[in-house]
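Heads up, entry07.cif below (mmCIF, C-alpha atoms and all ligand atoms):
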```cif
data_query
loop_
_atom_site.group_PDB
_atom_site.id
_atom_site.type_symbol
_atom_site.label_atom_id
_atom_site.label_comp_id
_atom_site.auth_asym_id
_atom_site.auth_seq_id
_atom_site.Cartn_x
_atom_site.Cartn_y
_atom_site.Cartn_z
ATOM 1 C CA LEU A 58 22.773 -114.822 54.871
ATOM 2 C CA GLY A 59 22.516 -113.532 58.416
ATOM 3 C CA LYS A 60 26.020 -112.046 58.593
ATOM 4 C CA LYS A 61 24.382 -109.010 60.094
ATOM 5 C CA ILE A 62 21.475 -109.486 62.474
ATOM 6 C CA HIS A 63 19.150 -106.872 63.962
ATOM 7 C CA TYR A 64 17.634 -108.469 67.044
ATOM 8 C CA PHE A 65 14.637 -107.013 68.882
ATOM 9 C CA GLU A 66 12.632 -108.058 71.898
ATOM 10 C CA GLU A 67 9.498 -106.617 70.340
ATOM 11 C CA VAL A 68 8.538 -105.067 67.017
ATOM 12 C CA THR A 69 5.323 -104.409 65.160
ATOM 13 C CA SER A 70 6.394 -106.647 62.305
ATOM 14 C CA THR A 71 9.901 -107.729 61.317
ATOM 15 C CA ASN A 72 8.839 -107.214 57.685
ATOM 16 C CA ASN A 73 8.067 -103.551 58.447
ATOM 17 C CA THR A 74 11.422 -103.050 60.181
ATOM 18 C CA ALA A 75 13.252 -104.805 57.358
ATOM 19 C CA LYS A 76 11.532 -102.643 54.733
ATOM 20 C CA GLU A 77 12.506 -99.484 56.626
ATOM 21 C CA ILE A 78 16.209 -100.369 56.585
ATOM 22 C CA ALA A 79 16.416 -102.396 53.358
ATOM 23 C CA ALA A 80 17.691 -99.597 51.121
ATOM 24 C CA SER A 81 20.774 -98.992 53.248
ATOM 25 C CA GLU A 82 21.482 -102.588 54.304
ATOM 26 C CA GLU A 83 23.447 -105.231 52.515
ATOM 27 C CA GLU A 84 21.848 -108.313 51.068
ATOM 28 C CA GLY A 85 21.473 -111.065 53.646
ATOM 29 C CA THR A 86 20.765 -108.799 56.618
ATOM 30 C CA LEU A 87 18.345 -110.377 59.053
ATOM 31 C CA VAL A 88 15.721 -108.775 61.285
ATOM 32 C CA ILE A 89 14.459 -111.031 64.056
ATOM 33 C CA ALA A 90 12.246 -110.453 67.086
ATOM 34 C CA GLU A 91 10.995 -112.401 70.097
ATOM 35 C CA VAL A 92 7.501 -110.958 69.773
ATOM 36 C CA GLN A 93 5.563 -109.165 67.035
ATOM 37 C CA LYS A 94 2.658 -106.978 68.081
ATOM 38 C CA GLY A 95 1.366 -106.520 64.558
ATOM 39 C CA GLY A 96 2.570 -109.621 62.751
ATOM 40 C CA ARG A 97 1.120 -109.754 59.253
ATOM 41 C CA GLY A 98 0.048 -112.727 57.203
ATOM 42 C CA ARG A 99 -0.770 -112.894 53.536
ATOM 43 C CA MET A 100 -3.875 -111.213 52.160
ATOM 44 C CA GLY A 101 -4.123 -108.783 55.032
ATOM 45 C CA ARG A 102 -4.507 -111.413 57.690
ATOM 46 C CA GLU A 103 -3.101 -111.192 61.197
ATOM 47 C CA TRP A 104 -0.152 -113.414 62.149
ATOM 48 C CA VAL A 105 -0.086 -114.352 65.816
ATOM 49 C CA SER A 106 3.525 -113.986 67.051
ATOM 50 C CA PRO A 107 3.990 -114.651 70.778
ATOM 51 C CA HIS A 108 7.177 -115.650 72.633
ATOM 52 C CA GLY A 109 8.643 -118.987 71.579
ATOM 53 C CA GLY A 110 8.426 -118.644 67.817
ATOM 54 C CA ILE A 111 10.901 -117.521 65.190
ATOM 55 C CA TRP A 112 9.712 -114.288 63.559
ATOM 56 C CA MET A 113 12.241 -113.134 61.031
ATOM 57 C CA SER A 114 12.766 -111.230 57.799
ATOM 58 C CA VAL A 115 15.700 -111.563 55.419
ATOM 59 C CA ILE A 116 16.644 -108.735 53.068
ATOM 60 C CA LEU A 117 17.580 -109.974 49.596
ATOM 61 C CA LYS A 118 18.736 -108.037 46.553
ATOM 62 C CA PRO A 119 18.572 -110.583 43.767
ATOM 63 C CA GLY A 120 18.212 -108.088 40.891
ATOM 64 C CA ILE A 121 15.420 -110.088 39.261
ATOM 65 C CA PRO A 122 12.293 -108.987 37.410
ATOM 66 C CA LEU A 123 9.378 -108.353 39.761
ATOM 67 C CA ARG A 124 7.355 -111.226 38.328
ATOM 68 C CA HIS A 125 10.009 -113.644 39.621
ATOM 69 C CA ALA A 126 9.868 -112.420 43.206
ATOM 70 C CA SER A 127 7.324 -115.091 44.151
ATOM 71 C CA ARG A 128 9.960 -117.696 43.312
ATOM 72 C CA LEU A 129 11.708 -116.643 46.502
ATOM 73 C CA THR A 130 8.599 -117.597 48.482
ATOM 74 C CA LEU A 131 8.855 -121.110 47.064
ATOM 75 C CA ILE A 132 12.549 -121.249 47.982
ATOM 76 C CA ALA A 133 11.865 -120.184 51.545
ATOM 77 C CA GLY A 134 9.135 -122.804 51.931
ATOM 78 C CA LEU A 135 11.482 -125.420 50.588
ATOM 79 C CA ALA A 136 14.248 -124.402 52.997
ATOM 80 C CA VAL A 137 11.963 -124.460 56.038
ATOM 81 C CA ALA A 138 10.436 -127.806 55.027
ATOM 82 C CA ASN A 139 13.901 -129.337 54.528
ATOM 83 C CA VAL A 140 15.139 -128.209 57.941
ATOM 84 C CA ILE A 141 12.006 -129.565 59.639
ATOM 85 C CA ARG A 142 12.286 -132.849 57.725
ATOM 86 C CA ASN A 143 15.883 -133.157 58.948
ATOM 87 C CA MET A 144 14.470 -133.142 62.472
ATOM 88 C CA GLY A 145 12.536 -136.291 61.587
ATOM 89 C CA LEU A 146 9.146 -134.689 61.004
ATOM 90 C CA ASP A 147 7.103 -135.226 57.857
ATOM 91 C CA ALA A 148 6.790 -131.635 56.671
ATOM 92 C CA SER A 149 5.046 -130.810 53.418
ATOM 93 C CA ILE A 150 4.262 -127.605 51.557
ATOM 94 C CA LYS A 151 0.797 -126.343 50.766
ATOM 95 C CA TRP A 152 0.708 -123.872 47.897
ATOM 96 C CA PRO A 153 1.854 -121.189 47.951
ATOM 97 C CA ASN A 154 3.703 -120.882 51.206
ATOM 98 C CA ASP A 155 2.446 -122.924 54.131
ATOM 99 C CA VAL A 156 4.736 -125.509 55.660
ATOM 100 C CA ARG A 157 2.617 -128.119 57.383
ATOM 101 C CA ILE A 158 3.061 -131.188 59.546
ATOM 102 C CA ASN A 159 0.232 -133.736 59.576
ATOM 103 C CA GLY A 160 -1.976 -131.233 57.776
ATOM 104 C CA LYS A 161 -1.395 -128.470 60.311
ATOM 105 C CA LYS A 162 0.394 -125.220 59.648
ATOM 106 C CA VAL A 163 3.733 -124.678 61.359
ATOM 107 C CA CYS A 164 5.182 -121.903 59.174
ATOM 108 C CA GLY A 165 4.001 -119.071 56.951
ATOM 109 C CA ILE A 166 5.940 -116.882 54.551
ATOM 110 C CA LEU A 167 5.219 -113.314 53.490
ATOM 111 C CA THR A 168 7.357 -111.999 50.637
ATOM 112 C CA GLU A 169 7.287 -108.277 49.976
ATOM 113 C CA ALA A 170 9.220 -106.626 47.165
ATOM 114 C CA LYS A 171 10.064 -103.107 46.131
ATOM 115 C CA ALA A 172 10.663 -102.635 42.449
ATOM 116 C CA GLU A 173 11.827 -99.840 40.168
ATOM 117 C CA VAL A 174 10.039 -100.302 36.838
ATOM 118 C CA ASP A 175 10.267 -104.096 36.510
ATOM 119 C CA ARG A 176 13.524 -104.643 38.412
ATOM 120 C CA VAL A 177 13.421 -105.637 42.058
ATOM 121 C CA ASP A 178 15.321 -103.244 44.391
ATOM 122 C CA TYR A 179 14.946 -105.527 47.332
ATOM 123 C CA VAL A 180 12.850 -108.390 48.576
ATOM 124 C CA VAL A 181 11.924 -108.881 52.203
ATOM 125 C CA LEU A 182 11.394 -112.536 52.904
ATOM 126 C CA GLY A 183 9.320 -112.784 56.065
ATOM 127 C CA ILE A 184 9.286 -116.190 57.718
ATOM 128 C CA GLY A 185 7.252 -117.094 60.770
ATOM 129 C CA ILE A 186 7.711 -120.461 62.462
ATOM 130 C CA ASN A 187 5.769 -121.815 65.416
ATOM 131 C CA VAL A 188 8.623 -123.353 67.398
ATOM 132 C CA ASN A 189 8.375 -123.602 71.175
ATOM 133 C CA MET A 190 4.815 -122.530 71.762
ATOM 134 C CA ASP A 191 2.167 -124.751 73.300
ATOM 135 C CA LEU A 192 -1.201 -124.830 71.589
ATOM 136 C CA LYS A 193 -2.654 -122.752 74.421
ATOM 137 C CA ASP A 194 -0.327 -119.906 73.347
ATOM 138 C CA ILE A 195 -2.204 -119.704 70.042
ATOM 139 C CA PRO A 196 -5.585 -117.945 70.202
ATOM 140 C CA GLU A 197 -8.482 -120.360 69.895
ATOM 141 C CA SER A 198 -9.641 -119.041 66.542
ATOM 142 C CA PHE A 199 -6.290 -119.977 64.938
ATOM 143 C CA ARG A 200 -5.607 -123.150 66.911
ATOM 144 C CA ALA A 201 -7.463 -125.779 64.914
ATOM 145 C CA GLY A 202 -5.301 -125.605 61.809
ATOM 146 C CA SER A 203 -2.018 -124.853 63.542
ATOM 147 C CA THR A 204 0.734 -126.739 65.243
ATOM 148 C CA THR A 205 4.212 -126.051 66.638
ATOM 149 C CA LEU A 206 7.494 -127.910 66.433
ATOM 150 C CA LYS A 207 7.403 -128.463 70.184
ATOM 151 C CA VAL A 208 3.948 -130.039 69.997
ATOM 152 C CA GLU A 209 4.972 -132.295 67.098
ATOM 153 C CA LEU A 210 8.306 -133.381 68.587
ATOM 154 C CA GLY A 211 7.206 -133.470 72.218
ATOM 155 C CA ARG A 212 10.247 -131.538 73.333
ATOM 156 C CA HIS A 213 11.724 -128.069 73.502
ATOM 157 C CA ILE A 214 13.707 -126.997 70.422
ATOM 158 C CA LYS A 215 16.938 -124.996 70.508
ATOM 159 C CA ARG A 216 15.909 -122.009 68.443
ATOM 160 C CA VAL A 217 19.440 -120.763 67.822
ATOM 161 C CA SER A 218 20.593 -124.000 66.217
ATOM 162 C CA PHE A 219 17.320 -124.222 64.282
ATOM 163 C CA LEU A 220 17.972 -120.705 62.978
ATOM 164 C CA GLN A 221 21.551 -121.583 62.026
ATOM 165 C CA ASP A 222 20.340 -124.627 60.093
ATOM 166 C CA LEU A 223 17.640 -122.583 58.411
ATOM 167 C CA LEU A 224 19.989 -119.779 57.331
ATOM 168 C CA PHE A 225 22.412 -122.352 55.939
ATOM 169 C CA GLU A 226 19.670 -124.152 54.011
ATOM 170 C CA LEU A 227 18.140 -120.897 52.774
ATOM 171 C CA GLU A 228 21.536 -119.732 51.553
ATOM 172 C CA GLN A 229 22.058 -123.001 49.654
ATOM 173 C CA GLN A 230 18.654 -122.626 48.028
ATOM 174 C CA TYR A 231 19.366 -119.001 47.203
ATOM 175 C CA ILE A 232 22.703 -119.869 45.581
ATOM 176 C CA ASN A 233 20.973 -122.588 43.540
ATOM 177 C CA PHE A 234 18.291 -120.108 42.602
ATOM 178 C CA LYS A 235 20.950 -117.825 41.144
ATOM 179 C CA ILE A 236 22.970 -120.400 39.233
ATOM 180 C CA ARG A 237 20.537 -123.166 38.240
ATOM 181 C CA PRO A 238 17.513 -123.203 35.985
ATOM 182 C CA PHE A 239 14.466 -122.624 38.137
ATOM 183 C CA SER A 240 12.997 -125.943 37.016
ATOM 184 C CA HIS A 241 15.409 -127.754 39.399
ATOM 185 C CA ILE A 242 14.047 -125.898 42.394
ATOM 186 C CA LEU A 243 10.496 -126.309 41.151
ATOM 187 C CA ASN A 244 10.949 -130.086 40.982
ATOM 188 C CA GLU A 245 12.283 -130.143 44.528
ATOM 189 C CA TRP A 246 9.343 -128.020 45.618
ATOM 190 C CA LEU A 247 6.877 -130.316 43.842
ATOM 191 C CA ALA A 248 8.342 -133.341 45.612
ATOM 192 C CA LEU A 249 7.532 -131.775 48.985
ATOM 193 C CA SER A 250 4.224 -130.215 48.051
ATOM 194 C CA ASP A 251 0.981 -132.017 48.847
ATOM 195 C CA THR A 252 -1.172 -129.655 46.775
ATOM 196 C CA ILE A 253 -0.820 -131.081 43.285
ATOM 197 C CA GLY A 254 -3.421 -133.711 42.466
ATOM 198 C CA ARG A 255 -5.896 -132.442 45.037
ATOM 199 C CA GLU A 256 -9.339 -130.965 44.679
ATOM 200 C CA VAL A 257 -8.922 -127.388 45.835
ATOM 201 C CA LYS A 258 -10.865 -124.211 46.387
ATOM 202 C CA VAL A 259 -8.794 -121.064 45.925
ATOM 203 C CA THR A 260 -10.055 -117.706 47.129
ATOM 204 C CA THR A 261 -8.611 -114.551 45.586
ATOM 205 C CA PRO A 262 -9.689 -111.007 46.456
ATOM 206 C CA SER A 263 -12.054 -111.056 43.473
ATOM 207 C CA ARG A 264 -13.374 -114.611 43.233
ATOM 208 C CA ILE A 265 -13.329 -118.287 44.126
ATOM 209 C CA ILE A 266 -11.938 -120.950 41.788
ATOM 210 C CA GLU A 267 -12.631 -124.628 42.334
ATOM 211 C CA GLY A 268 -11.068 -127.602 40.615
ATOM 212 C CA LYS A 269 -8.122 -129.942 40.660
ATOM 213 C CA ALA A 270 -4.616 -128.583 41.256
ATOM 214 C CA VAL A 271 -2.641 -129.988 38.337
ATOM 215 C CA GLY A 272 0.619 -128.076 38.345
ATOM 216 C CA ILE A 273 2.641 -125.008 39.065
ATOM 217 C CA THR A 274 4.065 -122.505 36.579
ATOM 218 C CA PRO A 275 7.689 -121.287 36.656
ATOM 219 C CA ASP A 276 6.459 -118.140 38.383
ATOM 220 C CA GLY A 277 4.844 -120.110 41.151
ATOM 221 C CA ALA A 278 1.241 -119.809 39.981
ATOM 222 C CA LEU A 279 -1.058 -122.718 40.732
ATOM 223 C CA VAL A 280 -2.654 -124.351 37.694
ATOM 224 C CA ILE A 281 -6.216 -125.486 38.318
ATOM 225 C CA LYS A 282 -8.251 -127.695 36.043
ATOM 226 C CA LYS A 283 -11.877 -126.779 36.422
ATOM 227 C CA ALA A 284 -14.996 -128.903 36.045
ATOM 228 C CA ASP A 285 -15.406 -127.754 32.415
ATOM 229 C CA ASP A 286 -11.845 -129.020 31.715
ATOM 230 C CA THR A 287 -10.401 -125.550 31.163
ATOM 231 C CA LYS A 288 -7.274 -124.582 33.034
ATOM 232 C CA GLU A 289 -6.578 -121.478 35.007
ATOM 233 C CA GLU A 290 -3.404 -120.072 36.558
ATOM 234 C CA ILE A 291 -3.660 -118.336 39.902
ATOM 235 C CA ILE A 292 -0.720 -116.286 41.079
ATOM 236 C CA ALA A 293 -1.955 -115.489 44.589
ATOM 237 C CA GLY A 294 -4.757 -116.726 46.738
ATOM 238 C CA ARG A 295 -5.853 -118.725 49.720
ATOM 239 C CA CYS A 296 -6.008 -122.420 49.017
ATOM 240 C CA ILE A 297 -8.275 -124.861 50.814
ATOM 241 C CA TYR A 298 -8.281 -128.600 50.222
ATOM 242 C CA ALA A 299 -11.706 -130.061 49.511
ATOM 243 C CA ARG A 300 -10.691 -133.196 51.398
ATOM 244 C CA PRO A 301 -8.142 -133.112 54.239
HETATM 245 C C1 LIG A 401 1.002 -116.315 56.010
HETATM 246 O O1 LIG A 401 1.021 -117.541 56.072
HETATM 247 O O2 LIG A 401 -0.051 -115.692 55.827
HETATM 248 C C2 LIG A 401 2.311 -115.570 56.103
HETATM 249 C C3 LIG A 401 2.786 -115.368 57.516
HETATM 250 C C4 LIG A 401 4.124 -114.640 57.602
HETATM 251 C C5 LIG A 401 4.561 -114.349 59.021
HETATM 252 C C6 LIG A 401 5.941 -113.776 59.098
HETATM 253 S S1 LIG A 401 6.553 -113.659 60.750
HETATM 254 C C7 LIG A 401 7.884 -112.668 60.250
HETATM 255 C C8 LIG A 401 7.347 -111.724 59.190
HETATM 256 N N1 LIG A 401 6.773 -110.529 59.796
HETATM 257 C C9 LIG A 401 5.462 -110.440 59.595
HETATM 258 O O3 LIG A 401 4.721 -109.521 60.026
HETATM 259 N N2 LIG A 401 5.030 -111.495 58.868
HETATM 260 C C10 LIG A 401 6.131 -112.382 58.520
#
```

Do you think you could lay out the structure here as structure tokens?
Amino acid sequence: LGKKIHYFEEVTSTNNTAKEIAASEEEGTLVIAEVQKGGRGRMGREWVSPHGGIWMSVILKPGIPLRHASRLTLIAGLAVANVIRNMGLDASIKWPNDVRINGKKVCGILTEAKAEVDRVDYVVLGIGINVNMDLKDIPESFRAGSTTLKVELGRHIKRVSFLQDLLFELEQQYINFKIRPFSHILNEWLALSDTIGREVKVTTPSRIIEGKAVGITPDGALVIKKADDTKEEIIAGRCIYARP
């Protein structure tokens, strides 16, 4: 991954740029920018992307059924969490895609796929990491739940070597994804996730589900056990912990 890199000082969103070029680019091509003016988060939210972060999108062509595309989100979260843990920080994953340190978000992932019938043409794996920003660089409304690697480590981070480590780790995960049963990756993900076992409140565009997070399905859906003891699988939503 990252054999070919499109580097920009400023874009609207690296995911948008990646989607525009995906059809004609080879798998592994990377789009990266210093600043995003219209960075996008999941569920239509804004993603604040000033100088100092890593805002990137990787084009993948895994040839998988569309319903498996969310597995790549789990892989990306795992890769980011592993690289951060190798720096000595206690990173964990909050379902589906937040990498957090001490309960604060340091990375978000936005996976977008284009599919023909049920086969994926390409997947754009958008990864945003708060690296060298100070908290004052993050608008006040986002600040409370966020952190940066610089804040957590108390020093400046070399973004190029971080990126090299991340691309290496992501490539390892991607190779495993292709050759191993997905259950291996899922177990690794579960070991780093702090969601399972918690009381959660998940908001989807249509409703709110409350209960205890008891597991994750092979497609990355969260399994919630509700107060009436029935279980429900949620493929996408915003997850809040009832207790921090
Ligand atoms: C989220 O947690 O809601 C997902 C955030 C994803 C942000 C990244 S930054 C690079 C790529 N380009 C975007 O516009 N979004 C993703």

Build an axis-aligned box that encloses every atom of ligand LIG 401 (chain A) listed in the file, pad it by 5 Å on each side, and report its centre and edge lengths in Å to one decimal, as lines of an AutoDock Vina configuration file.
```
center_x = 3.9
center_y = -113.5
center_z = 58.3
size_x = 17.9
size_y = 18.0
size_z = 14.9
```

For ligand LIG 401 (chain A), the nearest of the candidates A:Arg142, A:Lys151, A:Lys60, A:Arg124, counting all atoms listed in the file: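 Residue with the minimum atom-to-atom distance to ligand LIG 401 (chain A): A:Lys151.
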
Shell of 9 Å around Glu226 in chain A, all atoms listed in the file, local chain residues under 2 positions omitted, as an MDAnalysis selection string: chainID A and resid 135:137 139:140 221:224 228:231

Counting only C-alpha atoms and all ligand atoms, what residues are within 10 Å of ligand LIG 401 (chain A), given as number ranges by chain? A: 68-75, 88-90, 92-106, 110-115, 153-156, 162-169, 181-187, 295

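Distance check against Asp286 in chain A using all atoms listed in the file: of A:Arg300, A:Gly268, A:Ile78, A:Gly160, the minimum falls on A:Gly268.
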
Using the chain letters and residue numbers of this document, give as an mmCIF file with C-alpha atoms, in the coordinates of the input the residues selected by the PyMOL selection byres (((chain A and resi 240-255) around 7) and not hetatm).
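Written out: selection24.cif:
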```cif
data_model
loop_
_atom_site.group_PDB
_atom_site.id
_atom_site.type_symbol
_atom_site.label_atom_id
_atom_site.label_comp_id
_atom_site.auth_asym_id
_atom_site.auth_seq_id
_atom_site.Cartn_x
_atom_site.Cartn_y
_atom_site.Cartn_z
ATOM 1 C CA LEU A 135 11.482 -125.420 50.588
ATOM 2 C CA SER A 149 5.046 -130.810 53.418
ATOM 3 C CA ILE A 150 4.262 -127.605 51.557
ATOM 4 C CA LYS A 151 0.797 -126.343 50.766
ATOM 5 C CA TRP A 152 0.708 -123.872 47.897
ATOM 6 C CA ARG A 237 20.537 -123.166 38.240
ATOM 7 C CA PRO A 238 17.513 -123.203 35.985
ATOM 8 C CA PHE A 239 14.466 -122.624 38.137
ATOM 9 C CA GLU A 256 -9.339 -130.965 44.679
ATOM 10 C CA VAL A 257 -8.922 -127.388 45.835
ATOM 11 C CA LYS A 269 -8.122 -129.942 40.660
ATOM 12 C CA ALA A 270 -4.616 -128.583 41.256
ATOM 13 C CA VAL A 271 -2.641 -129.988 38.337
ATOM 14 C CA GLY A 272 0.619 -128.076 38.345
ATOM 15 C CA TYR A 298 -8.281 -128.600 50.222
#
```
